[in-house]
Structure formats: C-alpha cells, structure tokens
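Structure first, then comments.
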Amino acid sequence: MTTEECIADLGREGIVRRSTQRAVEDPKIGATRPKSVLARNRPFLLVWSGESISLLGSEISVVALPSLAVLVLGTGAVGVGALMALQWLPFVLLAPIMGVFTDRLRRRPLMQLANVARCVILGSLPLAAVLGHLTLAHLYVAALLKGVFDVVFQLAYQAYIPQVLDRADLVEGNVKTQLSKSIAMTVGRSAGGGLVSLIGAARAVAADAVSYLLGALLLLFIREEEPRPAPAERGLAATVRDIRGSVALTLGNRVLRSLTLTLTFGNMAVSSTLAIIIVYAYQDLHFSAGQLGLALSLGSVPVLIGAALSQRISGRLGMGRTLVLTHALLGLAFALLPAAVLGGKQFAFAVVVVSQSISSFTGPLTNVAVITLIQKATPVQAMGRVNGVALPFVWGANALGPVVGGAVAAMTGNAVAFILAAVLAWAAIGWVFRGAVQQLVDDVPDHLRVAV
C-alpha cells in the first residue's frame, strides 16, 4: 500500500518526513514499515549490482594499470602520469557532447554498450601480453578509449537512476551507490595490489574486464521497457544548439550552478592535497613507505561510515546544511596537516590519520547530497545534458588540483599548499550560500527546478 507519511527515527528527537515510499504490513506488530528499495525495485537492484561489481573491478585497475606500465613496459613517473591523464581527458572534452546523445537515446543500451566496450578494451591488454605484443602505445590507447566509455556509462547511469526510482527513493538509491563506491575503494585497491603480486599486472587487468562483462549481463535481466526519448533534430548544427542549451540549462539554474561549483571547489581541494601529502609524509614527516601506507589505509576506513550514515545525517540536517558541514570539516582536515611537524613521529602519524579520516568521512555525504539535489532539480529527459555540462567542471578539478597544489608546494612549501586546500574547501561553502542551497532540506521547490 502507499503511505503519505512515514516516521524516520533519527536519534532521540526524531523528525517527521514526507514520503511516498511503499510500505508492507508487518504481521508481528500490525503496523506498516517502509520496504527497502532493493526489495521492491528489481531494475534498480540489477543495475546497482552490476555497477557495484564494475566499481570493484575499476579499483583493481587503479593499481593494475600503472603496475602494468611500470613492471611490464618499464615506464616511469611521466609515463604513469600520462596514463592517468588519458583516462580523465574524455570527461573534460566529451562529456557535453555525450550528454546530448544520452538524452536522445535510451540509457540502458548505452550502459550495456559501455560495459561491453570496456570489457573488450581492457581484455585486449592481457591478451596482447600473453602473445608478447603489448606496447606502451597500446596501453595508452586502451586508457583513452576506456575513458571515453567511462563517460558514456556514467552519464547514462546517472540519467537512468531517476527513471527507475521514485522521487522519494532517490536518496536511498544514491546512498547504496556511494556505499558500493566506498567499499570498492577500500577493498579494491588492496585486492589490486594483491592480484598484481599473485598473478601479475596483466591478469589483474583481466579481472576488471570480467567485472564489466558481468555488469553488462546483469542489465540483460531488466525486463521493464525503457520509454523512448522524444524525437530530436539531428545533424551538427542541432547538436551544437543542444550543447549551448545544455550550458544554459545547467549554469543558468541557480541550484545547479551552485551545486556544480561547490563540488568543483571541493574536488580541487581534495585532489591538490592528494598530490602533495605523499611528498610531505616522506620529506617533512620522515615516514617509511609502510607507515605512510598504514596511515592512508586507516584514514580511508571512515568512508564506509560516511556512506552508511549519509541518509540519516542528511535527513536530520537537510541536504543543503549537510553540504555546509562537510566542506567545513573538509577544510579543517586539510588545515590540520601542517601541525603534523610540531611533534614526534607518532604525533605526526596521528595527525595524518585524523586528517584523512575526516576527509574520507565527508566524501559520501557530499556526493549523496549533491547527486540527489541535481536529480530532484532536473527533469529526467534533461539529466544527460545537465551532467554532461557538470562533469567537465567536477572532473576537470581533479586534473587541475594536483597541478595547482604541486606548484604552490614547490614555490612556498607544503604547509602553504595545505592551507590553500583548506581555503578552497571553505570557499565551496560560499557557493552553497550563493545559491541558497543551505535552505534545501530533501527536495527542490518547483520554481527552482530546471524548466525544459
């Protein structure tokens, strides 16, 4: 049956939240209780399960692909840097174009195409290695093509989720996706290192290829027919007009503009810190490789806690104020790092773990709030175009952050670079207030949504 209200017990006080969640009768107590979105939504269960498997495989490749370049092909730091950049480049260059086509086509076939293509692309690497024909050029081309289909999949996935979930279920669906990402990040990279040691880098890449194949197969079991998108003009001129319209849709809307820039500044802060914390740990704190690895591993554990609690925290605070909290904490985490040199090695170790823990904890909270608000501000038929404009900002920050952080550290020292990262995180709060996003609780009012 359908209920108009459900009670969400969020601590001692609790709050009453509007919901259209379906509920089931509990025979033991004769009352109704919400039924999990996984239990009642088979399409979401299948697409989420496939994405979870693929995410795990992708995190394995985070270790396996650079290892293949270094251990098998003998490249150095510059070569590995180029390999990583080639995977991010399509997000910056192709996302607006692919966003237009995502809205013109059915999203599930696009996800299937992307998964099969990535399986073939990555599968070609271990095959070439076995045959003795693997080259650095092959690896670079594979990385670039994988990045292209990463863009295709991510845009289709983010546009497909609002099609299969009710509006009231979007938070829960996004929480589950973030939890999968958090688990994959925590487990996948360790597994990747272990697989490289046990079976070699090439075969470890094969594990990622298999994960994409499994994701594609799970999508075949979705029986529900996807609605056909509205007809659109074809040709280069129409595509250019649609791209311009996409920019107007996204950056012309107060909420979407603020969310995009909030995430851009936050990502730039995080990525700039990642670029210098390893150098800082070795040169200034005199960590060994084992101590650094342990500190970063311990600091990554709270990402699971953040993902698990994200729905409860955003429910209590509201999504807008959650974004204020997460970026305030993120800035604090980076501002703590210069203090690590003030004590002995144990003190420095504790500071790094605490800083990384705070940063890890805030990530899923931020992502759930931003993604959900974007979905609730955007009509389903425009999700591809909106995300296509946002992705170059968000992922471009990941590419620009290390450059800026490294340059500042080289000119003024690591401590100043960490303070700059803190300032960037706190500046993201300014965009939250600029768009009055802090006033949004769990939905976006009609007058603030994108009009198509």
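Going by the structure tokens order, chains are called A, B, ..., each with residues numbered from 1, while ligands are numbered from 1 in the order shown.
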Leaving out A:Gly123 and any residue of its chain fewer than 6 positions from it, which residues lie within 8 Å of it when counting only C-alpha atoms, given as a count of residues only? 3
Leaving out A:Ala230 and any residue of its chain fewer than 4 positions from it, which residues lie within 9 Å of it when counting only C-alpha atoms, given as a list in words?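 Answer for this query is Asp103, Arg104, Leu105 and Gln381 of chain A.
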Any idea what's packed within 6 Å of stretch 328-345 of chain A, counting only C-alpha atoms, ignoring anything in its chain fewer than 5 positions away? Could you give it as a list in words?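 In the requested form, the answer reads Val351, Ser355, Ile358, Ser359, Ala415, Phe418, Ile419, Ala422, Ala425 and Trp426 of chain A.
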Write out as a CSV table (one decimal) with C-alpha atoms, in the first residue's frame which residues come within 7 Å of A:Arg118 when counting only C-alpha atoms, dropping same-chain ones fewer than 4 positions away.
```csv
chain,number,residue,atom,x,y,z
A,114,ALA,CA,29.8,0.9,-22.5
A,122,LEU,CA,40.8,-4.0,-21.2
A,146,LYS,CA,38.2,3.3,-21.6
A,149,PHE,CA,33.2,4.7,-22.4
A,209,ALA,CA,37.5,-6.7,-17.8
A,212,TYR,CA,32.4,-5.1,-16.9
```
Shell around A:Gly193 at 12 Å using only C-alpha atoms, local window under 3 positions removed, as a PyMOL selection string: chain A and resi 59-68+187-190+196-201+203-205
Across A:Asp443, A:Val92, A:Val394, A:Met84, the smallest distance to A:Phe265, with only C-alpha atoms counted, is shown by A:Val394
If you run DSSP on the backbone here, which positions in stretch 75-259 of chain A get helix (DSSP H, G or I)? Please write them as an mmCIF file with C-alpha atoms, in the first residue's frame.
```
data_model
loop_
_atom_site.group_PDB
_atom_site.id
_atom_site.type_symbol
_atom_site.label_atom_id
_atom_site.label_comp_id
_atom_site.auth_asym_id
_atom_site.auth_seq_id
_atom_site.Cartn_x
_atom_site.Cartn_y
_atom_site.Cartn_z
ATOM 1 C CA ALA A 77 56.597 8.619 -13.393
ATOM 2 C CA VAL A 78 55.979 10.714 -16.512
ATOM 3 C CA GLY A 79 54.571 7.735 -18.372
ATOM 4 C CA VAL A 80 52.288 6.798 -15.478
ATOM 5 C CA GLY A 81 51.112 10.409 -15.207
ATOM 6 C CA ALA A 82 50.229 10.413 -18.910
ATOM 7 C CA LEU A 83 48.385 7.118 -18.472
ATOM 8 C CA MET A 84 46.225 8.566 -15.666
ATOM 9 C CA ALA A 85 45.586 11.814 -17.555
ATOM 10 C CA LEU A 86 44.360 9.958 -20.646
ATOM 11 C CA GLN A 87 41.613 8.322 -18.575
ATOM 12 C CA TRP A 88 40.351 11.696 -17.281
ATOM 13 C CA LEU A 89 40.657 13.632 -20.539
ATOM 14 C CA PRO A 90 37.376 12.368 -22.093
ATOM 15 C CA PHE A 91 35.409 13.614 -19.082
ATOM 16 C CA VAL A 92 36.557 17.136 -19.809
ATOM 17 C CA LEU A 93 36.362 17.072 -23.612
ATOM 18 C CA ALA A 95 31.006 14.963 -21.611
ATOM 19 C CA PRO A 96 28.923 17.872 -23.041
ATOM 20 C CA ILE A 97 28.584 16.094 -26.404
ATOM 21 C CA MET A 98 27.805 12.718 -24.852
ATOM 22 C CA GLY A 99 25.307 14.382 -22.528
ATOM 23 C CA VAL A 100 23.277 15.467 -25.560
ATOM 24 C CA PHE A 101 23.266 11.965 -27.036
ATOM 25 C CA THR A 102 22.389 10.463 -23.641
ATOM 26 C CA ASP A 103 19.135 12.427 -23.729
ATOM 27 C CA ARG A 104 18.442 11.430 -27.344
ATOM 28 C CA ARG A 107 20.003 4.881 -21.374
ATOM 29 C CA ARG A 108 20.113 1.121 -20.648
ATOM 30 C CA PRO A 109 21.505 0.156 -24.096
ATOM 31 C CA LEU A 110 24.134 2.871 -23.657
ATOM 32 C CA MET A 111 25.204 1.312 -20.350
ATOM 33 C CA GLN A 112 25.349 -2.127 -21.959
ATOM 34 C CA LEU A 113 27.412 -0.788 -24.864
ATOM 35 C CA ALA A 114 29.828 0.943 -22.480
ATOM 36 C CA ASN A 115 30.285 -2.173 -20.335
ATOM 37 C CA VAL A 116 30.902 -4.472 -23.307
ATOM 38 C CA ALA A 117 33.295 -1.963 -24.895
ATOM 39 C CA ARG A 118 35.305 -1.586 -21.678
ATOM 40 C CA CYS A 119 35.451 -5.366 -21.318
ATOM 41 C CA VAL A 120 36.897 -5.704 -24.837
ATOM 42 C CA ILE A 121 39.291 -2.750 -24.442
ATOM 43 C CA LEU A 122 40.763 -3.950 -21.157
ATOM 44 C CA GLY A 123 40.649 -7.589 -22.222
ATOM 45 C CA SER A 124 42.907 -6.752 -25.159
ATOM 46 C CA LEU A 125 45.750 -5.850 -22.782
ATOM 47 C CA PRO A 126 46.287 -9.239 -21.073
ATOM 48 C CA LEU A 127 45.716 -10.960 -24.430
ATOM 49 C CA ALA A 128 48.462 -8.862 -26.028
ATOM 50 C CA ALA A 129 50.710 -9.522 -23.030
ATOM 51 C CA VAL A 130 50.252 -13.288 -23.357
ATOM 52 C CA LEU A 131 51.047 -13.102 -27.073
ATOM 53 C CA LEU A 136 53.042 1.317 -24.324
ATOM 54 C CA ALA A 137 51.106 2.809 -27.233
ATOM 55 C CA HIS A 138 48.519 0.020 -26.905
ATOM 56 C CA LEU A 139 48.202 0.753 -23.191
ATOM 57 C CA TYR A 140 47.732 4.482 -23.818
ATOM 58 C CA VAL A 141 45.089 3.913 -26.494
ATOM 59 C CA ALA A 142 43.254 1.475 -24.219
ATOM 60 C CA ALA A 143 43.316 4.002 -21.354
ATOM 61 C CA LEU A 144 41.916 6.744 -23.601
ATOM 62 C CA LEU A 145 39.159 4.539 -25.057
ATOM 63 C CA LYS A 146 38.237 3.251 -21.623
ATOM 64 C CA GLY A 147 37.885 6.871 -20.517
ATOM 65 C CA VAL A 148 35.537 7.550 -23.442
ATOM 66 C CA PHE A 149 33.225 4.711 -22.445
ATOM 67 C CA ASP A 150 33.523 5.662 -18.771
ATOM 68 C CA VAL A 151 31.894 8.947 -19.806
ATOM 69 C CA VAL A 152 29.178 7.127 -21.756
ATOM 70 C CA PHE A 153 28.366 4.855 -18.826
ATOM 71 C CA GLN A 154 28.423 7.490 -16.088
ATOM 72 C CA LEU A 155 26.118 9.857 -17.967
ATOM 73 C CA ALA A 156 23.699 7.039 -18.833
ATOM 74 C CA TYR A 157 23.759 5.626 -15.282
ATOM 75 C CA GLN A 158 23.067 8.987 -13.621
ATOM 76 C CA ALA A 159 20.216 9.623 -16.080
ATOM 77 C CA TYR A 160 18.774 6.103 -15.748
ATOM 78 C CA ILE A 161 18.527 6.014 -11.939
ATOM 79 C CA PRO A 162 15.762 8.689 -11.746
ATOM 80 C CA GLN A 163 13.835 6.668 -14.357
ATOM 81 C CA VAL A 164 13.689 3.520 -12.226
ATOM 82 C CA ARG A 167 11.418 10.599 -6.257
ATOM 83 C CA ALA A 168 11.193 9.622 -2.579
ATOM 84 C CA ASP A 169 13.650 6.743 -3.141
ATOM 85 C CA LEU A 170 16.437 8.759 -4.769
ATOM 86 C CA VAL A 171 18.311 9.342 -1.504
ATOM 87 C CA GLU A 172 18.305 5.633 -0.646
ATOM 88 C CA GLY A 173 19.393 4.704 -4.159
ATOM 89 C CA ASN A 174 22.254 7.216 -4.127
ATOM 90 C CA VAL A 175 23.311 6.074 -0.661
ATOM 91 C CA LYS A 176 23.614 2.500 -1.921
ATOM 92 C CA THR A 177 25.690 3.630 -4.904
ATOM 93 C CA GLN A 178 28.006 5.621 -2.638
ATOM 94 C CA LEU A 179 28.310 2.678 -0.257
ATOM 95 C CA SER A 180 29.360 0.489 -3.190
ATOM 96 C CA LYS A 181 31.958 3.079 -4.203
ATOM 97 C CA SER A 182 33.257 3.283 -0.651
ATOM 98 C CA ILE A 183 33.575 -0.481 -0.292
ATOM 99 C CA ALA A 184 35.225 -0.749 -3.704
ATOM 100 C CA MET A 185 37.710 1.979 -2.810
ATOM 101 C CA THR A 186 38.557 0.329 0.496
ATOM 102 C CA VAL A 187 38.762 -3.257 -0.753
ATOM 103 C CA GLY A 188 39.522 -2.943 -4.467
ATOM 104 C CA ARG A 189 42.905 -1.244 -4.317
ATOM 105 C CA SER A 190 44.202 -3.687 -1.719
ATOM 106 C CA ALA A 191 42.856 -6.526 -3.853
ATOM 107 C CA GLY A 192 44.504 -4.972 -6.894
ATOM 108 C CA GLY A 193 47.880 -4.915 -5.177
ATOM 109 C CA GLY A 194 47.421 -8.499 -4.049
ATOM 110 C CA LEU A 195 46.412 -9.680 -7.523
ATOM 111 C CA VAL A 196 49.379 -7.937 -9.133
ATOM 112 C CA SER A 197 51.652 -9.748 -6.689
ATOM 113 C CA LEU A 198 49.957 -13.136 -7.130
ATOM 114 C CA ILE A 199 49.100 -13.357 -10.816
ATOM 115 C CA ALA A 201 49.584 -6.980 -13.617
ATOM 116 C CA ALA A 202 48.158 -8.180 -16.945
ATOM 117 C CA ARG A 203 45.949 -10.845 -15.390
ATOM 118 C CA ALA A 204 44.835 -8.383 -12.716
ATOM 119 C CA VAL A 205 43.584 -6.096 -15.520
ATOM 120 C CA ALA A 206 41.660 -9.092 -16.874
ATOM 121 C CA ALA A 207 39.711 -9.191 -13.599
ATOM 122 C CA ASP A 208 38.470 -5.659 -14.309
ATOM 123 C CA ALA A 209 37.453 -6.687 -17.850
ATOM 124 C CA VAL A 210 35.404 -9.576 -16.428
ATOM 125 C CA SER A 211 33.675 -7.200 -13.984
ATOM 126 C CA TYR A 212 32.389 -5.079 -16.889
ATOM 127 C CA LEU A 213 31.130 -8.191 -18.660
ATOM 128 C CA LEU A 214 29.189 -9.215 -15.547
ATOM 129 C CA GLY A 215 27.715 -5.717 -15.328
ATOM 130 C CA ALA A 216 26.523 -5.939 -18.936
ATOM 131 C CA LEU A 217 24.973 -9.379 -18.352
ATOM 132 C CA LEU A 218 23.006 -8.197 -15.307
ATOM 133 C CA LEU A 219 21.455 -5.404 -17.374
ATOM 134 C CA LEU A 236 25.923 19.036 -36.398
ATOM 135 C CA ALA A 237 24.029 22.333 -36.132
ATOM 136 C CA ALA A 238 21.322 20.768 -33.949
ATOM 137 C CA THR A 239 23.964 19.140 -31.739
ATOM 138 C CA VAL A 240 25.774 22.453 -31.261
ATOM 139 C CA ARG A 241 22.484 24.137 -30.359
ATOM 140 C CA ASP A 242 21.759 21.365 -27.848
ATOM 141 C CA ILE A 243 25.192 21.780 -26.251
ATOM 142 C CA ARG A 244 24.626 25.519 -25.895
ATOM 143 C CA GLY A 245 21.227 24.799 -24.460
ATOM 144 C CA SER A 246 22.795 22.349 -22.012
ATOM 145 C CA VAL A 247 25.099 25.061 -20.695
ATOM 146 C CA ALA A 248 22.141 27.397 -20.284
ATOM 147 C CA LEU A 249 20.114 24.699 -18.511
ATOM 148 C CA THR A 250 22.872 23.913 -16.040
ATOM 149 C CA LEU A 251 24.663 27.179 -15.371
ATOM 150 C CA ARG A 254 20.711 28.835 -9.545
ATOM 151 C CA VAL A 255 20.664 25.482 -7.750
ATOM 152 C CA LEU A 256 22.539 23.510 -10.408
ATOM 153 C CA ARG A 257 25.155 26.247 -10.844
ATOM 154 C CA SER A 258 25.821 26.366 -7.115
ATOM 155 C CA LEU A 259 25.990 22.584 -6.753
#
```
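Non-sequential neighbours of A:Val408 (distance at most 12 Å, separation of 5 or more positions within a chain, only C-alpha atoms) are Ser272, Thr273, Ala275, Ile276, Gly401, Pro402, Val403, Gly413, Asn414, Ala415, Val416, Ala417, Phe418, Ile419, Leu420 and Ala421 of chain A.
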With C-alpha atoms retained, could you export that selection as a short mmCIF file (atom, residue, chain, number, x, y, z; two decimals), in the first residue's frame?
```cif
data_model
loop_
_atom_site.label_atom_id
_atom_site.label_comp_id
_atom_site.auth_asym_id
_atom_site.auth_seq_id
_atom_site.Cartn_x
_atom_site.Cartn_y
_atom_site.Cartn_z
CA SER A 272 45.51 19.12 -4.63
CA THR A 273 46.08 17.55 -1.20
CA ALA A 275 49.20 15.42 -4.92
CA ILE A 276 51.43 16.60 -2.06
CA GLY A 401 44.08 20.34 -8.38
CA PRO A 402 47.33 18.34 -8.42
CA VAL A 403 48.92 20.89 -10.76
CA GLY A 413 56.21 24.89 0.87
CA ASN A 414 53.84 22.04 1.67
CA ALA A 415 52.21 23.79 4.64
CA VAL A 416 51.02 26.70 2.50
CA ALA A 417 49.65 24.25 -0.09
CA PHE A 418 47.58 22.52 2.60
CA ILE A 419 46.21 25.85 3.81
CA LEU A 420 45.27 26.70 0.22
CA ALA A 421 43.39 23.38 0.00
#
```
Top pick for closest residue to A:Ile305, considering A:Ala377, A:Ala399, A:Ala410, A:Leu365 and counting only C-alpha atoms: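 Nearest to A:Ile305: A:Leu365.
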Excluding A:Gly266 and its own-chain neighbours fewer than 3 positions away, which residues fall within 7 Å of it when counting only C-alpha atoms? Please give them as a PyMOL selection string. chain A and resi 262-263+269-270+424-425+428
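With distances restricted to only C-alpha atoms, A:Val370 is the closest residue to A:Ser314 from A:Val370, A:Leu73, A:Val404, A:Ala451.
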